[in-house]
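Okay, target_25.cif is below, mmCIF, C-alpha atoms and all ligand atoms:
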```cif
data_input
#
loop_
_atom_site.label_atom_id
_atom_site.label_comp_id
_atom_site.auth_asym_id
_atom_site.auth_seq_id
_atom_site.Cartn_x
_atom_site.Cartn_y
_atom_site.Cartn_z
CA MET K 257 0.00 0.00 0.00
CA TYR K 258 1.29 3.33 -0.93
CA SER K 259 -0.08 6.45 0.52
CA ILE K 260 0.28 9.34 -1.81
CA LEU K 261 0.81 12.72 -0.31
CA PHE K 262 -0.41 15.62 -2.33
CA ALA K 263 1.37 18.83 -1.67
CA ALA K 264 -1.14 21.53 -1.00
CA ALA K 265 -0.48 24.82 -2.71
CA PHE K 266 -0.47 27.57 -0.13
CA THR K 267 -0.83 31.18 -0.95
CA VAL K 268 0.65 33.46 1.64
CA SER K 269 -1.68 36.36 2.07
CA VAL K 270 0.17 39.63 2.44
CA ALA K 271 -2.81 41.92 2.10
CA ALA K 272 -2.55 44.76 4.57
CA LEU K 273 -4.69 44.64 7.66
CA ASN K 274 -6.45 47.88 6.66
CA ASN K 275 -8.52 48.46 9.75
CA GLY K 276 -8.90 52.10 8.82
CA VAL K 277 -5.81 53.50 10.54
CA GLY K 278 -2.33 54.10 9.22
CA LYS K 279 -3.02 54.40 5.51
CA LEU K 280 -0.10 56.82 5.19
CA PRO K 281 3.25 56.74 7.01
CA PHE K 282 3.16 57.98 10.61
CA LEU K 283 4.49 61.50 11.14
CA GLY K 284 5.56 62.44 14.63
CA TYR K 285 8.13 62.80 17.35
CA ASP K 286 9.72 60.21 19.67
CA THR K 287 11.68 60.94 22.84
CA TRP K 288 14.29 58.18 22.50
CA ASN K 289 17.00 59.49 20.15
CA ALA K 290 17.17 62.83 21.93
CA PHE K 291 16.67 61.91 25.59
CA ALA K 292 16.60 58.11 26.11
CA CYS K 293 14.94 57.73 29.57
CA ASP K 294 15.80 61.24 30.71
CA TYR K 295 12.56 63.13 30.08
CA ASP K 296 9.50 64.39 31.89
CA ALA K 297 6.28 66.25 31.13
CA ASP K 298 7.96 69.68 30.96
CA LYS K 299 10.69 68.51 28.62
CA VAL K 300 8.25 66.84 26.25
CA LEU K 301 5.80 69.74 26.31
CA ALA K 302 8.70 72.01 25.36
CA GLN K 303 9.22 69.76 22.33
CA ALA K 304 5.54 69.99 21.46
CA GLN K 305 5.66 73.78 21.70
CA ALA K 306 8.76 73.87 19.50
CA MET K 307 7.02 71.63 16.96
CA LYS K 308 4.12 74.06 16.88
CA LYS K 309 6.32 77.16 16.75
CA HIS K 310 8.43 75.85 13.88
CA GLY K 311 5.40 74.88 11.78
CA LEU K 312 6.06 71.15 12.11
CA VAL K 313 2.58 70.38 13.45
CA ASP K 314 1.12 72.20 10.45
CA ALA K 315 3.51 70.24 8.22
CA GLY K 316 1.87 67.03 9.47
CA TYR K 317 3.80 65.87 12.55
CA LYS K 318 0.87 65.20 14.84
CA HIS K 319 2.01 62.61 17.40
CA ILE K 320 4.54 62.41 20.19
CA ILE K 321 5.61 58.94 21.28
CA LEU K 322 6.66 58.64 24.90
CA ASP K 323 9.29 55.99 24.31
CA ASP K 324 10.64 53.69 27.03
CA CYS K 325 10.45 54.70 30.72
CA PHE K 326 7.21 56.65 31.17
CA THR K 327 5.64 54.39 33.82
CA LEU K 328 6.84 53.12 37.17
CA ARG K 329 8.83 49.88 37.18
CA ASN K 330 6.11 47.97 38.97
CA ARG K 331 2.47 47.42 38.18
CA SER K 332 -0.23 48.12 40.77
CA LYS K 333 -1.68 45.25 42.84
CA ASP K 334 -4.37 44.71 40.24
CA GLY K 335 -1.78 44.54 37.49
CA LYS K 336 -2.30 48.04 36.08
CA LEU K 337 0.45 50.20 34.67
CA VAL K 338 1.27 53.11 36.97
CA GLU K 339 2.34 56.47 35.62
CA ASP K 340 5.51 57.95 37.05
CA PRO K 341 4.48 60.81 39.38
CA ASP K 342 7.90 62.45 39.21
CA LYS K 343 7.88 62.55 35.43
CA PHE K 344 4.19 63.36 35.07
CA PRO K 345 3.13 65.16 38.27
CA ASP K 346 -0.32 66.03 36.89
CA GLY K 347 -0.79 62.58 35.39
CA ILE K 348 -0.46 61.40 31.82
CA LYS K 349 -4.07 62.14 30.96
CA ALA K 350 -3.57 65.82 31.80
CA PHE K 351 -0.28 65.79 29.94
CA ASN K 352 -1.92 64.38 26.81
CA LYS K 353 -4.61 67.07 27.03
CA GLN K 354 -1.86 69.68 26.97
CA LEU K 355 -0.52 68.07 23.81
CA ASN K 356 -4.02 68.00 22.29
CA LYS K 357 -4.24 71.78 22.69
CA LEU K 358 -1.27 72.05 20.34
CA GLY K 359 -2.84 69.71 17.79
CA ILE K 360 -0.73 66.73 18.86
CA ASN K 361 -1.73 63.33 20.21
CA GLY K 362 0.27 61.28 22.68
CA ALA K 363 1.49 57.80 21.73
CA ALA K 364 2.61 54.97 23.99
CA TYR K 365 5.55 52.60 23.94
CA SER K 366 5.49 49.04 25.26
CA ASP K 367 6.87 45.60 24.63
CA ALA K 368 5.65 42.18 23.51
CA GLY K 369 7.63 40.54 26.34
CA TYR K 370 7.73 40.67 30.13
CA GLN K 371 9.61 43.99 30.26
CA THR K 372 10.49 46.87 28.00
CA CYS K 373 14.10 47.10 26.90
CA ALA K 374 14.87 49.51 29.76
CA GLY K 375 13.20 47.21 32.30
CA TYR K 376 9.72 48.73 32.69
CA PRO K 377 6.60 46.56 32.53
CA GLY K 378 6.03 44.86 29.15
CA ALA K 379 2.54 43.98 27.98
CA TYR K 380 2.88 40.20 27.68
CA GLY K 381 -0.22 38.75 29.36
CA HIS K 382 -1.56 42.25 30.00
CA GLU K 383 -2.41 43.22 26.43
CA ALA K 384 -6.08 44.10 26.88
CA GLN K 385 -5.54 45.67 30.29
CA ASP K 386 -2.70 47.90 29.08
CA LEU K 387 -4.58 48.95 25.98
CA ALA K 388 -7.47 50.06 28.15
CA THR K 389 -5.05 52.04 30.33
CA TRP K 390 -3.39 53.71 27.36
CA ALA K 391 -6.78 54.63 25.93
CA GLU K 392 -7.84 56.04 29.29
CA TRP K 393 -4.64 58.13 29.36
CA GLY K 394 -5.42 59.47 25.87
CA PHE K 395 -3.02 57.54 23.64
CA ASP K 396 -4.08 56.15 20.24
CA TYR K 397 -0.83 54.53 19.06
CA VAL K 398 1.64 52.06 20.53
CA LYS K 399 5.22 51.39 19.48
CA TYR K 400 5.76 47.74 20.41
CA ASP K 401 9.25 46.50 21.26
CA ASN K 402 10.78 43.03 21.50
CA CYS K 403 12.74 42.64 24.76
CA TYR K 404 12.42 40.09 27.61
CA ILE K 405 10.76 37.39 25.56
CA PRO K 406 9.07 34.58 27.52
CA PHE K 407 10.32 31.02 26.98
CA ASP K 408 9.04 29.12 23.95
CA ASN K 409 6.96 26.77 26.10
CA VAL K 410 5.19 29.83 27.48
CA THR K 411 4.46 31.68 24.24
CA GLN K 412 4.32 28.68 21.90
CA GLN K 413 4.59 31.32 19.24
CA ASN K 414 7.17 32.68 16.89
CA VAL K 415 7.82 36.45 16.55
CA LYS K 416 4.72 37.06 14.44
CA GLY K 417 2.50 35.19 16.90
CA ARG K 418 3.81 37.23 19.82
CA TYR K 419 2.94 40.47 18.03
CA GLN K 420 -0.40 39.06 16.92
CA ARG K 421 -1.47 38.97 20.59
CA MET K 422 -1.46 42.76 20.73
CA ALA K 423 -3.05 43.06 17.29
CA ASP K 424 -5.90 40.81 18.51
CA ALA K 425 -6.31 42.87 21.67
CA ILE K 426 -6.49 46.02 19.54
CA ALA K 427 -9.15 44.54 17.26
CA ASP K 428 -11.15 43.24 20.25
CA ARG K 429 -11.10 46.56 22.03
CA ALA K 430 -12.09 48.48 18.89
CA ALA K 431 -15.03 46.12 18.34
CA LYS K 432 -16.19 46.14 21.97
CA THR K 433 -15.88 49.88 22.52
CA HIS K 434 -16.86 50.94 18.98
CA SER K 435 -13.71 53.01 18.83
CA THR K 436 -10.95 53.58 16.30
CA PRO K 437 -8.32 50.82 16.57
CA PHE K 438 -4.95 51.73 18.04
CA TRP K 439 -2.16 52.15 15.55
CA LEU K 440 0.45 49.40 16.12
CA GLY K 441 4.09 50.13 15.28
CA LEU K 442 6.08 46.87 15.36
CA CYS K 443 9.64 47.05 16.63
CA GLU K 444 11.21 43.59 16.32
CA TRP K 445 14.27 45.12 14.61
CA GLY K 446 13.84 43.27 11.31
CA TRP K 447 14.61 39.97 13.03
CA GLN K 448 12.19 37.83 11.16
CA GLN K 449 11.36 39.39 7.79
CA PRO K 450 8.60 41.66 9.14
CA TRP K 451 8.40 43.25 5.67
CA ILE K 452 6.58 40.06 4.62
CA TRP K 453 4.00 39.73 7.42
CA GLY K 454 4.11 43.01 9.36
CA LYS K 455 1.25 44.56 7.42
CA THR K 456 -1.10 41.76 8.53
CA VAL K 457 -0.45 42.64 12.18
CA GLY K 458 0.23 46.38 12.37
CA GLN K 459 0.77 49.51 10.31
CA SER K 460 4.58 49.68 10.32
CA TRP K 461 7.52 47.49 11.21
CA ARG K 462 11.08 48.40 12.03
CA ILE K 463 13.38 46.74 9.50
CA ASN K 464 16.62 47.23 11.41
CA GLY K 465 18.26 47.47 14.82
CA ASP K 466 18.65 50.90 16.35
CA ILE K 467 19.72 53.71 14.05
CA LYS K 468 22.87 55.65 14.93
CA PRO K 469 23.46 59.32 14.12
CA TRP K 470 26.33 58.82 11.68
CA TRP K 471 26.57 58.19 7.94
CA ASP K 472 27.61 54.52 7.96
CA ALA K 473 24.48 53.62 9.90
CA LEU K 474 22.24 55.52 7.47
CA ALA K 475 23.94 53.97 4.43
CA ALA K 476 23.38 50.47 5.86
CA ILE K 477 19.67 51.16 6.39
CA ILE K 478 19.29 52.56 2.87
CA ASP K 479 21.07 49.48 1.53
CA LEU K 480 18.70 47.16 3.40
CA THR K 481 15.68 49.08 2.14
CA SER K 482 16.93 48.82 -1.45
CA PHE K 483 15.87 45.16 -1.16
CA GLN K 484 12.67 45.66 0.85
CA TYR K 485 11.14 48.82 -0.70
CA TRP K 486 8.37 46.73 -2.32
CA ALA K 487 6.82 46.00 1.08
CA SER K 488 5.64 49.57 1.74
CA ASP K 489 2.27 50.68 0.48
CA PHE K 490 -0.98 52.00 1.94
CA TYR K 491 -1.65 50.65 5.46
CA GLY K 492 1.76 49.05 5.87
CA HIS K 493 5.20 50.66 5.96
CA ASN K 494 8.81 49.70 6.38
CA ASP K 495 9.98 51.73 9.39
CA LEU K 496 13.57 52.80 8.80
CA ASP K 497 13.72 54.01 12.44
CA MET K 498 13.53 57.45 14.02
CA LEU K 499 15.24 60.39 12.37
CA GLU K 500 18.64 61.62 13.52
CA VAL K 501 18.30 65.00 11.79
CA GLY K 502 19.34 67.67 14.30
CA ASN K 503 21.54 65.40 16.40
CA THR K 504 24.87 66.73 15.20
CA GLY K 505 26.78 67.42 18.41
CA GLN K 506 23.90 66.24 20.60
CA GLY K 507 21.50 63.36 21.18
CA ASN K 508 21.95 59.92 22.63
CA PRO K 509 24.45 58.90 21.33
CA ILE K 510 25.92 62.20 20.10
CA GLY K 511 25.78 62.46 16.33
CA ASN K 512 28.00 63.86 13.61
CA LEU K 513 25.94 64.11 10.41
CA THR K 514 26.85 66.92 8.00
CA TYR K 515 24.12 69.11 6.53
CA GLU K 516 24.31 67.17 3.25
CA GLU K 517 24.05 63.85 5.09
CA ALA K 518 21.05 65.03 7.09
CA LYS K 519 19.34 66.07 3.84
CA SER K 520 20.07 62.68 2.29
CA HIS K 521 18.75 60.98 5.43
CA PHE K 522 15.45 62.87 5.34
CA THR K 523 15.07 62.48 1.58
CA ALA K 524 15.54 58.72 1.68
CA TRP K 525 13.23 58.20 4.65
CA ALA K 526 10.50 60.38 3.08
CA LEU K 527 10.66 58.91 -0.42
CA LEU K 528 11.01 55.32 0.81
CA LYS K 529 7.69 55.93 2.58
CA SER K 530 9.04 55.36 6.07
CA PRO K 531 7.31 56.85 9.09
CA LEU K 532 9.00 60.21 9.72
CA ILE K 533 9.67 60.42 13.43
CA ILE K 534 11.64 63.39 14.72
CA GLY K 535 14.21 62.39 17.34
CA THR K 536 16.05 65.55 18.33
CA ASP K 537 15.80 68.30 20.92
CA LEU K 538 13.81 70.88 18.97
CA THR K 539 14.19 73.59 21.59
CA ASN K 540 17.69 74.28 20.30
CA ALA K 541 17.16 73.26 16.65
CA THR K 542 19.11 75.15 14.00
CA ASP K 543 17.42 76.71 10.98
CA GLN K 544 18.90 73.93 8.87
CA THR K 545 17.30 71.27 11.06
CA ILE K 546 13.91 72.94 10.76
CA GLU K 547 14.37 73.41 7.01
CA ILE K 548 15.06 69.69 6.61
CA LEU K 549 12.33 68.35 8.90
CA GLY K 550 9.83 70.81 7.46
CA ASN K 551 10.49 70.09 3.78
CA ARG K 552 6.91 70.24 2.51
CA ASP K 553 7.76 68.91 -0.94
CA LEU K 554 9.18 65.69 0.48
CA ILE K 555 6.46 65.33 3.11
CA LYS K 556 3.91 65.70 0.34
CA ILE K 557 5.34 62.69 -1.49
CA ASN K 558 5.62 60.70 1.76
CA GLN K 559 1.97 61.46 2.47
CA ASP K 560 0.68 61.08 -1.10
CA PRO K 561 -2.97 60.04 -0.68
CA HIS K 562 -3.17 58.36 -4.09
CA VAL K 563 0.17 56.61 -4.55
CA GLY K 564 1.40 54.46 -1.66
CA GLN K 565 4.44 52.85 -3.17
CA SER K 566 8.03 53.70 -2.43
CA ILE K 567 10.77 54.71 -4.82
CA SER K 568 12.98 51.82 -5.93
CA PRO K 569 16.50 51.61 -7.35
CA PHE K 570 16.88 51.56 -11.12
CA ARG K 571 20.64 51.39 -10.96
CA TRP K 572 23.03 50.39 -8.23
CA GLY K 573 26.09 52.49 -7.48
CA ILE K 574 29.33 50.76 -6.84
CA GLY K 575 29.35 47.05 -7.58
CA PRO K 576 26.90 44.92 -9.52
CA ASP K 577 23.11 45.21 -9.38
CA TYR K 578 21.27 43.54 -6.50
CA VAL K 579 24.42 43.01 -4.48
CA SER K 580 24.21 44.37 -0.97
CA ASN K 581 26.82 46.97 -0.18
CA SER K 582 26.17 48.53 3.18
CA THR K 583 28.61 51.42 2.74
CA HIS K 584 27.65 52.15 -0.88
CA PRO K 585 23.94 51.47 -1.33
CA ALA K 586 22.05 52.05 -4.58
CA GLN K 587 22.46 55.59 -5.89
CA TYR K 588 19.79 55.95 -8.61
CA TRP K 589 16.16 55.63 -7.55
CA SER K 590 12.75 56.59 -8.92
CA GLY K 591 9.08 55.99 -8.47
CA PRO K 592 5.62 57.30 -9.26
CA SER K 593 3.68 59.94 -7.32
CA SER K 594 0.57 62.02 -7.81
CA TYR K 595 2.81 64.99 -8.52
CA GLY K 596 5.15 63.53 -11.15
CA THR K 597 7.92 60.97 -11.36
CA VAL K 598 10.16 61.14 -8.31
CA PHE K 599 13.92 60.74 -8.59
CA MET K 600 16.36 60.35 -5.73
CA ILE K 601 20.00 60.49 -6.75
CA LEU K 602 22.37 59.79 -3.89
CA ASN K 603 26.12 60.25 -3.90
CA THR K 604 27.39 57.53 -1.59
CA GLU K 605 31.02 58.49 -2.21
CA ASP K 606 33.13 60.35 0.35
CA GLN K 607 33.91 63.02 -2.24
CA PRO K 608 31.87 65.10 -4.70
CA ALA K 609 30.69 63.18 -7.77
CA THR K 610 29.18 63.76 -11.18
CA MET K 611 26.02 61.70 -11.46
CA PHE K 612 24.51 60.86 -14.86
CA PHE K 613 21.46 58.88 -15.93
CA ASN K 614 19.14 58.47 -18.90
CA LEU K 615 15.59 59.47 -17.97
CA THR K 616 14.15 56.28 -19.45
CA GLU K 617 16.17 54.17 -17.03
CA SER K 618 13.15 54.89 -14.82
CA TRP K 619 10.16 52.76 -15.81
CA ASP K 620 7.84 55.67 -14.98
CA ILE K 621 9.27 57.95 -17.71
CA ARG K 622 8.02 58.00 -21.29
CA ALA K 623 10.51 57.84 -24.14
CA GLY K 624 10.47 60.56 -26.78
CA ARG K 625 9.17 63.22 -24.37
CA VAL K 626 10.65 66.30 -22.79
CA TYR K 627 10.33 66.66 -19.00
CA SER K 628 10.15 69.65 -16.71
CA VAL K 629 12.34 69.35 -13.63
CA TYR K 630 11.40 70.51 -10.15
CA ASP K 631 13.99 70.42 -7.36
CA MET K 632 12.47 69.39 -4.03
CA TRP K 633 15.31 71.00 -2.07
CA SER K 634 15.51 74.41 -3.76
CA HIS K 635 11.71 74.24 -4.26
CA GLN K 636 12.09 75.58 -7.77
CA HIS K 637 11.61 74.49 -11.35
CA THR K 638 15.12 74.22 -12.70
CA GLY K 639 14.31 73.82 -16.40
CA THR K 640 13.60 70.94 -18.75
CA ALA K 641 15.35 67.63 -19.21
CA LEU K 642 15.93 66.03 -22.55
CA ARG K 643 16.80 62.33 -22.46
CA ASN K 644 19.24 62.51 -19.58
CA LEU K 645 20.42 64.49 -16.60
CA THR K 646 23.84 65.23 -15.19
CA LEU K 647 24.14 66.36 -11.59
CA GLU K 648 27.07 67.42 -9.46
CA LEU K 649 26.55 66.23 -5.92
CA PRO K 650 28.64 66.85 -2.81
CA ALA K 651 29.95 63.95 -0.70
CA HIS K 652 26.98 61.96 0.65
CA GLY K 653 24.72 64.53 -1.00
CA VAL K 654 21.34 64.02 -2.59
CA ALA K 655 19.09 65.34 -5.35
CA ALA K 656 15.33 64.95 -4.99
CA LEU K 657 13.57 65.76 -8.25
CA LEU K 658 10.06 65.70 -9.63
CA LEU K 659 9.79 65.25 -13.38
CA ASN K 660 6.67 66.07 -15.34
CA ASP K 661 5.88 65.45 -18.97
CA ALA K 662 6.30 68.66 -20.98
CA GLY K 663 5.32 67.28 -24.38
CA PRO K 664 6.97 65.35 -27.21
CA GLU K 665 10.49 65.88 -28.43
CA THR K 666 10.09 67.96 -31.56
CA GLY K 667 13.57 67.60 -32.97
CA GLU K 668 14.14 71.30 -32.46
CA GLU K 669 15.89 70.59 -29.17
CA THR K 670 18.45 68.45 -30.88
CA GLU K 671 19.80 67.36 -34.23
CA GLU K 672 19.94 63.83 -32.94
CA LEU K 673 16.61 62.44 -34.15
CA PRO K 674 15.85 59.59 -34.59
CA TYR K 675 17.00 58.42 -31.19
CA CYS K 676 16.71 55.37 -28.95
CA ALA K 677 17.88 55.55 -25.35
CA GLY K 678 17.59 51.77 -25.40
CA TYR K 679 20.16 51.00 -28.08
CA TRP K 680 19.46 47.30 -28.58
CA GLN K 681 16.72 46.25 -31.04
CA CYS K 682 15.90 49.83 -32.06
CA SER K 683 14.90 49.63 -35.68
CA TYR K 684 13.74 51.53 -38.80
CA PRO K 685 10.34 50.41 -40.15
CA ASN K 686 12.06 48.41 -42.91
CA GLY K 687 13.89 46.25 -40.38
CA THR K 688 17.26 47.92 -40.54
CA TYR K 689 18.75 48.26 -37.10
CA TYR K 690 19.46 51.79 -36.01
CA SER K 691 22.52 52.40 -33.87
CA ASN K 692 23.02 55.67 -32.09
C1 LIG P 701 14.93 49.53 21.44
C2 LIG P 701 14.22 50.20 20.30
C3 LIG P 701 14.49 51.70 20.40
C4 LIG P 701 14.01 52.21 21.73
C5 LIG P 701 14.61 51.41 22.87
C6 LIG P 701 14.02 51.77 24.21
O1 LIG P 701 14.68 48.16 21.40
O2 LIG P 701 14.68 49.69 19.09
O3 LIG P 701 13.89 52.36 19.34
O4 LIG P 701 12.60 52.14 21.76
O5 LIG P 701 14.45 50.03 22.68
O6 LIG P 701 14.56 51.01 25.25
#
```

Just give me the structure as structure tokens.
Ligand code: GAL
Amino acid sequence: MYSILFAAAFTVSVAALNNGVGKLPFLGYDTWNAFACDYDADKVLAQAQAMKKHGLVDAGYKHIILDDCFTLRNRSKDGKLVEDPDKFPDGIKAFNKQLNKLGINGAAYSDAGYQTCAGYPGAYGHEAQDLATWAEWGFDYVKYDNCYIPFDNVTQQNVKGRYQRMADAIADRAAKTHSTPFWLGLCEWGWQQPWIWGKTVGQSWRINGDIKPWWDALAAIIDLTSFQYWASDFYGHNDLDMLEVGNTGQGNPIGNLTYEEAKSHFTAWALLKSPLIIGTDLTNATDQTIEILGNRDLIKINQDPHVGQSISPFRWGIGPDYVSNSTHPAQYWSGPSSYGTVFMILNTEDQPATMFFNLTESWDIRAGRVYSVYDMWSHQHTGTALRNLTLELPAHGVAALLLNDAGPETGEETEELPYCAGYWQCSYPNGTYYSN
């Protein structure tokens, strides 16, 4: 007797959860990169006021995440989280109301294990109870970390299953209380390919360990995202981690990004459709920091209500295509938007470079057309592009361009008609190959 086993064909569903929240990347502030555990109500309210004063709330940054350390280290007798009376003397609810007056909402931080990474209570086994507490305090979002994981025989779950517990609690609470579901930001540091399943559990997922405020760290994250860009779309976003813009000479740890590097950082995070989460002390922010964080042109693409996808590389920089190079990630990127074709050209070299590309290397560009060029850093139209562009970029510098169709090539722009940017197979009607 033979028993024949038929292999079932499984389709892995990667449709986004889409419970109505988090269609577009999260825009906000988080206390961690600037202050680690060293913050209190006054310090955070000062950040909120600075956000308002500098126009960042109007630009779309409407949440502040209290990262690790905002509760006491022990739960109450009935298992409830207890707010820290030294940090929040009037209570967190009152604190969140102060934020609300500035047009900002508070957001919580917790952990899928027994404790948060800094040793405060984690939500494992307390998911529904903690959600109720956060809601009572006025939060509507939780960043969910991955420390102090219970033993396998306790969880009997893998990473996804551990995060699913909170997602289920969120769905239950929303159904029972007829309220908007909490926004769930997964933070399992890219351990287990969250770009594949994260969107079925929450609205964003960290793809990497903690960011550091220097160029090598940014380049490595951009390199990683050059392989995972496809995962971001409406209701689910790769989270490249909190921004380090503004942390030159300050922050935790102290950063050293140049102005050009900070611009590249913000450009990549915005155009790769990452959450944009400010992580610097805004009370002493320079004009350059505010200029970068407040770049409306880039925020507009990040928050495009009609096109959710990220830019993707059309050419790698140093080394062959599709080979990971954490110090020299892809340099030539493009993608669609409601406002035109987006290009990000990144000089990953340590010295200035001349960057050149044919427009039709981007799939979103039509051949045989002239394009108008808008620079999303100078905020100006810089002219028209015919067939290709050449840019001079400083070390670790970036160009962020929007190209829009400005009509067919007429031949007046150039003597070089006929023309094929794609040389191979280009032919006259009679079958004679044309070479240009
Ligand atoms: C890390 C997390 C950081 C920060 C920190 C707090 O695991 O990646 O973003 O939240 O914990 O302890």

Let me see if you get this right: every residue at most 9 Å from ligand LIG 701 (chain P), counting all atoms listed in the file, written as a PyMOL selection string.
chain K and resi 286-289+292-293+323-325+365-367+372-375+399-403+443-445+462+464-467+497-498

When you count only C-alpha atoms, which of these residues is closest to Tyr295 of chain K: K:Thr327, K:Trp439, K:Ala271, K:Val313?
K:Thr327

Need the shell around Ala302 of chain K: protein/DNA/RNA residues with any atom at most 10 Å away, counting all atoms listed in the file. Skip same-chain ones fewer than 6 positions apart. Format as a CSV table (one decimal) with C-alpha atoms, in the frame of the given file?
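Contents of result.csv, as written:
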```csv
chain,number,residue,atom,x,y,z
K,308,LYS,CA,4.1,74.1,16.9
K,537,ASP,CA,15.8,68.3,20.9
K,538,LEU,CA,13.8,70.9,19.0
K,539,THR,CA,14.2,73.6,21.6
```

Give me, please, the distance in Å between atom CA of Tyr397 of chain K and atom CA of Gly564 of chain K, quoted to one decimal.
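Result for atom CA of Tyr397 of chain K versus atom CA of Gly564 of chain K: 20.8 Å, one decimal.
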
Protein/DNA/RNA residues near (14.4, 48.0, -28.6), cut 12 Å, all atoms listed in the file, as a ChimeraX atom specification:
/K:623,675-684,687,689-691

From the structure just shown, export segment 359-377 of chain K with N, CA and C atoms as a PDB file, in the first residue's frame.
```
ATOM      1  N   GLY K 359      -2.554  70.463  19.013  1.00  0.00           N
ATOM      2  CA  GLY K 359      -2.845  69.714  17.786  1.00  0.00           C
ATOM      3  C   GLY K 359      -2.059  68.416  17.688  1.00  0.00           C
ATOM      4  N   ILE K 360      -1.581  67.940  18.843  1.00  0.00           N
ATOM      5  CA  ILE K 360      -0.730  66.734  18.864  1.00  0.00           C
ATOM      6  C   ILE K 360      -1.403  65.680  19.733  1.00  0.00           C
ATOM      7  N   ASN K 361      -1.217  64.407  19.381  1.00  0.00           N
ATOM      8  CA  ASN K 361      -1.729  63.327  20.214  1.00  0.00           C
ATOM      9  C   ASN K 361      -0.580  62.524  20.813  1.00  0.00           C
ATOM     10  N   GLY K 362      -0.753  62.094  22.033  1.00  0.00           N
ATOM     11  CA  GLY K 362       0.270  61.283  22.679  1.00  0.00           C
ATOM     12  C   GLY K 362       0.238  59.855  22.156  1.00  0.00           C
ATOM     13  N   ALA K 363       1.394  59.191  22.164  1.00  0.00           N
ATOM     14  CA  ALA K 363       1.494  57.799  21.727  1.00  0.00           C
ATOM     15  C   ALA K 363       2.327  57.039  22.749  1.00  0.00           C
ATOM     16  N   ALA K 364       1.959  55.771  22.963  1.00  0.00           N
ATOM     17  CA  ALA K 364       2.609  54.971  23.995  1.00  0.00           C
ATOM     18  C   ALA K 364       3.705  54.090  23.400  1.00  0.00           C
ATOM     19  N   TYR K 365       4.501  53.567  24.298  1.00  0.00           N
ATOM     20  CA  TYR K 365       5.547  52.601  23.945  1.00  0.00           C
ATOM     21  C   TYR K 365       5.380  51.422  24.889  1.00  0.00           C
ATOM     22  N   SER K 366       5.524  50.215  24.385  1.00  0.00           N
ATOM     23  CA  SER K 366       5.493  49.044  25.258  1.00  0.00           C
ATOM     24  C   SER K 366       6.260  47.906  24.593  1.00  0.00           C
ATOM     25  N   ASP K 367       6.028  46.715  25.049  1.00  0.00           N
ATOM     26  CA  ASP K 367       6.866  45.599  24.629  1.00  0.00           C
ATOM     27  C   ASP K 367       6.057  44.304  24.625  1.00  0.00           C
ATOM     28  N   ALA K 368       6.362  43.447  23.649  1.00  0.00           N
ATOM     29  CA  ALA K 368       5.647  42.179  23.507  1.00  0.00           C
ATOM     30  C   ALA K 368       6.117  41.135  24.515  1.00  0.00           C
ATOM     31  N   GLY K 369       7.107  41.490  25.349  1.00  0.00           N
ATOM     32  CA  GLY K 369       7.627  40.542  26.336  1.00  0.00           C
ATOM     33  C   GLY K 369       7.262  40.949  27.753  1.00  0.00           C
ATOM     34  N   TYR K 370       8.012  40.391  28.727  1.00  0.00           N
ATOM     35  CA  TYR K 370       7.730  40.674  30.134  1.00  0.00           C
ATOM     36  C   TYR K 370       8.073  42.117  30.510  1.00  0.00           C
ATOM     37  N   GLN K 371       9.172  42.628  29.915  1.00  0.00           N
ATOM     38  CA  GLN K 371       9.605  43.990  30.259  1.00  0.00           C
ATOM     39  C   GLN K 371       9.986  44.749  28.999  1.00  0.00           C
ATOM     40  N   THR K 372       9.970  46.053  29.102  1.00  0.00           N
ATOM     41  CA  THR K 372      10.487  46.870  28.004  1.00  0.00           C
ATOM     42  C   THR K 372      12.011  46.745  28.029  1.00  0.00           C
ATOM     43  N   CYS K 373      12.649  47.288  26.995  1.00  0.00           N
ATOM     44  CA  CYS K 373      14.100  47.099  26.904  1.00  0.00           C
ATOM     45  C   CYS K 373      14.838  47.785  28.057  1.00  0.00           C
ATOM     46  N   ALA K 374      14.238  48.829  28.615  1.00  0.00           N
ATOM     47  CA  ALA K 374      14.872  49.505  29.755  1.00  0.00           C
ATOM     48  C   ALA K 374      14.357  48.961  31.089  1.00  0.00           C
ATOM     49  N   GLY K 375      13.582  47.880  31.051  1.00  0.00           N
ATOM     50  CA  GLY K 375      13.199  47.213  32.296  1.00  0.00           C
ATOM     51  C   GLY K 375      11.909  47.694  32.948  1.00  0.00           C
ATOM     52  N   TYR K 376      11.056  48.328  32.196  1.00  0.00           N
ATOM     53  CA  TYR K 376       9.724  48.732  32.690  1.00  0.00           C
ATOM     54  C   TYR K 376       8.724  47.640  32.299  1.00  0.00           C
ATOM     55  N   PRO K 377       7.500  47.680  32.825  1.00  0.00           N
ATOM     56  CA  PRO K 377       6.602  46.556  32.527  1.00  0.00           C
ATOM     57  C   PRO K 377       6.295  46.400  31.030  1.00  0.00           C
TER      58      PRO K 377
END
```
